[in-house]
Structures are given as C-alpha cells and as structure tokens.
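Remarks on the structure that follows.
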Amino acid sequence: MDLPGPQTNNLSLETKRPPLLVKLTGYRLLVLALTSTFGIFKATFALEGQSVTPNSLDLAFGVPVTIALWWLGLYESIDPPVLAWFFHIDYSRLLATTIWLTLRMVARCTLAAVITILIYIIMVMATLPIIRLVLSIFRPDDRSVAAIIAVCMVVGFLEMLFIYTLGNELRKFALKHSETFRRFEEIVSRYQSHFMHSSCSMFLNSPTLCSEFSFKD
C-alpha cells in the first residue's frame with residue numbers, strides 16, 4: 001500500500017491576478033499632475049525656440065521634484081500605513097464620477113445653449129416677415145403706426161409665452177435630474193469621512209478618541 005506523499009498547497013502556487021485598474025491615490029495623482037505640468041512647460045519653451053530654459057528647468061525643477069517624489073514613494077509600502085488618505089485611499093471612483101458628471105453637465109449646458117440660440121434665430125426669422133408684411137400693408141403715409149404697434153405687441157406676447165413655457169420645461173428637467181448631483185455629493189462625503197477618520201487615527205493615535213467622532217459611510 002503506497003502512502004500518499006506530501007501534497008503541495010496549490011493556493012500558494014497560484015499567482016494573484018492584478019486588478020483591472022490600479023489605485024489612484026493622492027500620491028499618484030500628485031505624480032501625474034507634476035509630470036504633466038513639467039512636460040507642458042518644457043514643450044512650450046522648446047516650441048518657442050529657447051534652448052537654455054528647458055535645461056535650466058530640468059535642473060531647477062526636474063531633479064529636486066524627482067528626488068522628492070521618489071522619497072515620498074517609499075511611504076507607500078510602510079506598515080503600518082502612514083498618511084493613509086494620501087498613500088492608500090483610492091480616489092479613482094471619485095475622479096471618474098467627477099469627470100462623468102462634469103462632461104454630462106457641460107453637454108447638457110451646451111445643448112441648452114444651442115437650442116436657445118436656434119429658437120432665437122427661428123423666432124427672429126419668423127417675426128421679421130410678419131413685421132415686413134405689416135409695414136407693406138400699412139404705409140407710413142397712412143399714419144397707421146398704432147396698428148403696427150398693436151401687431152408687434154401681439155407677436156411679442158406670443159414670443160414671451162413661448163419662452164415662459166420653454167423655461168418651465170427646462171426647470172422641470174433640472175429638478176428631474178437633481179438626483180444625479182445628490183449621488184455625487186454622497187460619494188464626496190464618503191471620501192471626506194475616510195479622510196477624517198485616517199487623519200484622526202494618525203494624529204491622535206488613539207482609537208478611543210477617534211471612536212467618539214461619528215463617521216458615516
């Protein structure tokens with residue numbers, strides 16, 4: 001009878017799959033912002049034909065900032081974590097929500113502006129022929145200025161009624177979609193609560209004192 005040999009732990013041999021998207025912590029967002037700013041300034045000076053300024057920018061900005069960012073990057077792997085709100089909290093969802101809501105708001109505002117301009121153009125194009133027709137029927141020499149004013153007042157009243165109706169519909173549309181902005185405020189408040197909790201734990205270093213504060217998710 002053969003004795004079973006030692007079984008290897010298959011779980012320890014399995015490699016963990018990396019997440020689809022890496023975490024966007026405050027430190028990584030700072031690195032992205034500084035790198036983009038440095039590249040934009042250097043490219044701008046290079047396009048202007050300046051050869052000394054980009055090299056001076058490398059020495060005055062690139063080298064010190066690179067050393068400082070490398071030194072800060074060492075704190076990402078420290079256990080227990082230091083400055084969790086800066087090195088460990090993931091802001092990717094908050095950033096994606098902010099970008100999505102901003103693009104959505106800009107698109108809606110642009111659409112509303114285009115619709116308003118088109119309506120104004122259509123109203124002007126529809127009003128001018130009426131005024132010209134009235135002027136062609138009631139000649140100035142007929143002294144029918146009162147009739148011309150009356151027709152213009154009627155046309156203006158109809159235009160004001162149309163604008164009021166359009167504004168009322170736009171107000172209903174804004175109230176209908178106010179739920180989206182409320183959800184965005186909830187996400188922002190959730191990240192603020194995590195930030196306050198991590199800051200309290202770091203500076204006070206006392207779970208008892210931190211538990212006195214109410215952090216709602």
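Note on naming: chains are A, B, ... as they come in the structure tokens, residues start from 1 per chain, ligands start from 1 in the order shown.
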
* Using only C-alpha atoms, which residues sit within 6 Å of stretch 90-101 of chain A once same-chain residues fewer than 3 positions away are excluded, as number ranges by chain? -> A: 23-25, 104-105

Write the selection just made, keeping N, CA and C atoms, as a PDB file, in the first residue's frame?
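The new file part_25.pdb reads:
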ATOM      1  N   LYS A  23      -4.913  51.547  -8.296  1.00  0.00           N
ATOM      2  CA  LYS A  23      -5.470  52.565  -7.415  1.00  0.00           C
ATOM      3  C   LYS A  23      -4.891  53.936  -7.766  1.00  0.00           C
ATOM      4  N   LEU A  24      -5.739  54.934  -7.698  1.00  0.00           N
ATOM      5  CA  LEU A  24      -5.310  56.314  -7.889  1.00  0.00           C
ATOM      6  C   LEU A  24      -5.332  56.997  -6.526  1.00  0.00           C
ATOM      7  N   THR A  25      -4.213  56.904  -5.847  1.00  0.00           N
ATOM      8  CA  THR A  25      -4.097  57.542  -4.540  1.00  0.00           C
ATOM      9  C   THR A  25      -3.711  59.008  -4.716  1.00  0.00           C
ATOM     10  N   ARG A 104     -21.153  65.413 -18.415  1.00  0.00           N
ATOM     11  CA  ARG A 104     -22.608  65.377 -18.580  1.00  0.00           C
ATOM     12  C   ARG A 104     -23.213  66.769 -18.432  1.00  0.00           C
ATOM     13  N   MET A 105     -22.718  67.522 -17.433  1.00  0.00           N
ATOM     14  CA  MET A 105     -23.235  68.866 -17.221  1.00  0.00           C
ATOM     15  C   MET A 105     -22.871  69.789 -18.383  1.00  0.00           C
TER      16      MET A 105
END

* **Straight-line distance linking atom CA of A:Met160 with atom CA of A:Ala126, stated in Å to one decimal** =>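 Result for atom CA of A:Met160 versus atom CA of A:Ala126: 14.2 Å, one decimal.
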
* **For A:Gly39: contacts at 12 Å, only C-alpha atoms, fewer than 3 positions along chain excluded, given as number ranges by chain** => A: 32-36, 42-46, 54, 57-58, 61-62

* Can you tell me how far atom CA of A:Ala112 sits from atom CA of A:Met125, in Å to one decimal? ->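 Between atom CA of A:Ala112 and atom CA of A:Met125 the gap works out to 19.8 Å.
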
* Looking at A:Ile121, A:Leu161, A:Ala150, A:Val31, which one is nearest to A:Trp70, with distances taken over only C-alpha atoms? ->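 Between A:Ile121, A:Leu161, A:Ala150, A:Val31, the residue approaching A:Trp70 most closely is A:Val31.
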
* To do: Output as an MDAnalysis selection string all residues of stretch 61-103 of chain A that backbone DSSP marks as helix (DSSP H, G or I).
  => chainID A and resid 61:77 84:87 92:103

Okay, now the selection with N, CA and C atoms, as an mmCIF file, in the first residue's frame?
data_model
loop_
_atom_site.group_PDB
_atom_site.id
_atom_site.type_symbol
_atom_site.label_atom_id
_atom_site.label_comp_id
_atom_site.auth_asym_id
_atom_site.auth_seq_id
_atom_site.Cartn_x
_atom_site.Cartn_y
_atom_site.Cartn_z
ATOM 1 N N PHE A 61 13.833 72.190 -11.506
ATOM 2 C CA PHE A 61 12.541 71.591 -11.159
ATOM 3 C C PHE A 61 12.564 70.073 -11.245
ATOM 4 N N GLY A 62 13.100 69.550 -12.350
ATOM 5 C CA GLY A 62 13.028 68.109 -12.585
ATOM 6 C C GLY A 62 13.775 67.288 -11.556
ATOM 7 N N VAL A 63 15.020 67.653 -11.285
ATOM 8 C CA VAL A 63 15.845 66.854 -10.372
ATOM 9 C C VAL A 63 15.330 66.909 -8.936
ATOM 10 N N PRO A 64 15.084 68.096 -8.349
ATOM 11 C CA PRO A 64 14.588 68.103 -6.955
ATOM 12 C C PRO A 64 13.229 67.436 -6.797
ATOM 13 N N VAL A 65 12.328 67.676 -7.746
ATOM 14 C CA VAL A 65 10.989 67.087 -7.630
ATOM 15 C C VAL A 65 11.054 65.577 -7.793
ATOM 16 N N THR A 66 11.904 65.097 -8.695
ATOM 17 C CA THR A 66 12.040 63.652 -8.872
ATOM 18 C C THR A 66 12.564 62.987 -7.604
ATOM 19 N N ILE A 67 13.559 63.602 -6.978
ATOM 20 C CA ILE A 67 14.094 63.049 -5.725
ATOM 21 C C ILE A 67 13.031 63.073 -4.625
ATOM 22 N N ALA A 68 12.276 64.171 -4.545
ATOM 23 C CA ALA A 68 11.240 64.276 -3.512
ATOM 24 C C ALA A 68 10.132 63.248 -3.732
ATOM 25 N N LEU A 69 9.728 63.051 -4.992
ATOM 26 C CA LEU A 69 8.685 62.060 -5.269
ATOM 27 C C LEU A 69 9.180 60.644 -4.998
ATOM 28 N N TRP A 70 10.441 60.378 -5.315
ATOM 29 C CA TRP A 70 10.988 59.046 -5.020
ATOM 30 C C TRP A 70 11.013 58.801 -3.513
ATOM 31 N N TRP A 71 11.372 59.837 -2.747
ATOM 32 C CA TRP A 71 11.406 59.699 -1.287
ATOM 33 C C TRP A 71 10.000 59.496 -0.726
ATOM 34 N N LEU A 72 9.017 60.214 -1.269
ATOM 35 C CA LEU A 72 7.638 60.031 -0.822
ATOM 36 C C LEU A 72 7.096 58.662 -1.207
ATOM 37 N N GLY A 73 7.547 58.128 -2.357
ATOM 38 C CA GLY A 73 7.068 56.822 -2.795
ATOM 39 C C GLY A 73 7.447 55.693 -1.862
ATOM 40 N N LEU A 74 8.484 55.890 -1.057
ATOM 41 C CA LEU A 74 8.876 54.853 -0.101
ATOM 42 C C LEU A 74 7.819 54.635 0.979
ATOM 43 N N TYR A 75 6.983 55.636 1.228
ATOM 44 C CA TYR A 75 5.968 55.521 2.274
ATOM 45 C C TYR A 75 4.766 54.689 1.833
ATOM 46 N N GLU A 76 4.692 54.318 0.556
ATOM 47 C CA GLU A 76 3.560 53.503 0.103
ATOM 48 C C GLU A 76 3.616 52.088 0.660
ATOM 49 N N SER A 77 4.810 51.593 0.944
ATOM 50 C CA SER A 77 4.960 50.211 1.406
ATOM 51 C C SER A 77 5.236 50.103 2.901
ATOM 52 N N ALA A 84 -2.667 57.578 5.394
ATOM 53 C CA ALA A 84 -3.494 56.685 4.574
ATOM 54 C C ALA A 84 -4.305 57.449 3.548
ATOM 55 N N TRP A 85 -4.749 58.665 3.875
ATOM 56 C CA TRP A 85 -5.548 59.448 2.929
ATOM 57 C C TRP A 85 -4.727 59.863 1.707
ATOM 58 N N PHE A 86 -3.400 59.855 1.832
ATOM 59 C CA PHE A 86 -2.542 60.289 0.730
ATOM 60 C C PHE A 86 -1.917 59.121 -0.028
ATOM 61 N N PHE A 87 -1.650 58.011 0.661
ATOM 62 C CA PHE A 87 -0.933 56.894 0.042
ATOM 63 C C PHE A 87 -1.785 55.652 -0.195
ATOM 64 N N SER A 92 -10.047 56.746 -7.429
ATOM 65 C CA SER A 92 -10.392 56.548 -8.839
ATOM 66 C C SER A 92 -11.889 56.678 -9.076
ATOM 67 N N ARG A 93 -12.691 56.128 -8.149
ATOM 68 C CA ARG A 93 -14.141 56.224 -8.327
ATOM 69 C C ARG A 93 -14.620 57.668 -8.221
ATOM 70 N N LEU A 94 -14.065 58.398 -7.248
ATOM 71 C CA LEU A 94 -14.432 59.804 -7.106
ATOM 72 C C LEU A 94 -14.023 60.606 -8.330
ATOM 73 N N LEU A 95 -12.823 60.338 -8.863
ATOM 74 C CA LEU A 95 -12.348 61.053 -10.042
ATOM 75 C C LEU A 95 -13.194 60.724 -11.265
ATOM 76 N N ALA A 96 -13.505 59.426 -11.440
ATOM 77 C CA ALA A 96 -14.331 59.035 -12.586
ATOM 78 C C ALA A 96 -15.729 59.639 -12.492
ATOM 79 N N THR A 97 -16.303 59.649 -11.288
ATOM 80 C CA THR A 97 -17.630 60.243 -11.116
ATOM 81 C C THR A 97 -17.600 61.739 -11.393
ATOM 82 N N THR A 98 -16.545 62.419 -10.931
ATOM 83 C CA THR A 98 -16.431 63.858 -11.171
ATOM 84 C C THR A 98 -16.308 64.165 -12.658
ATOM 85 N N ILE A 99 -15.465 63.398 -13.357
ATOM 86 C CA ILE A 99 -15.294 63.627 -14.793
ATOM 87 C C ILE A 99 -16.590 63.347 -15.539
ATOM 88 N N TRP A 100 -17.263 62.247 -15.179
ATOM 89 C CA TRP A 100 -18.504 61.882 -15.859
ATOM 90 C C TRP A 100 -19.585 62.939 -15.647
ATOM 91 N N LEU A 101 -19.759 63.394 -14.400
ATOM 92 C CA LEU A 101 -20.783 64.401 -14.131
ATOM 93 C C LEU A 101 -20.430 65.742 -14.765
ATOM 94 N N THR A 102 -19.126 66.074 -14.807
ATOM 95 C CA THR A 102 -18.717 67.324 -15.448
ATOM 96 C C THR A 102 -19.006 67.297 -16.939
ATOM 97 N N LEU A 103 -18.636 66.193 -17.606
ATOM 98 C CA LEU A 103 -18.919 66.075 -19.035
ATOM 99 C C LEU A 103 -20.419 66.076 -19.300
#
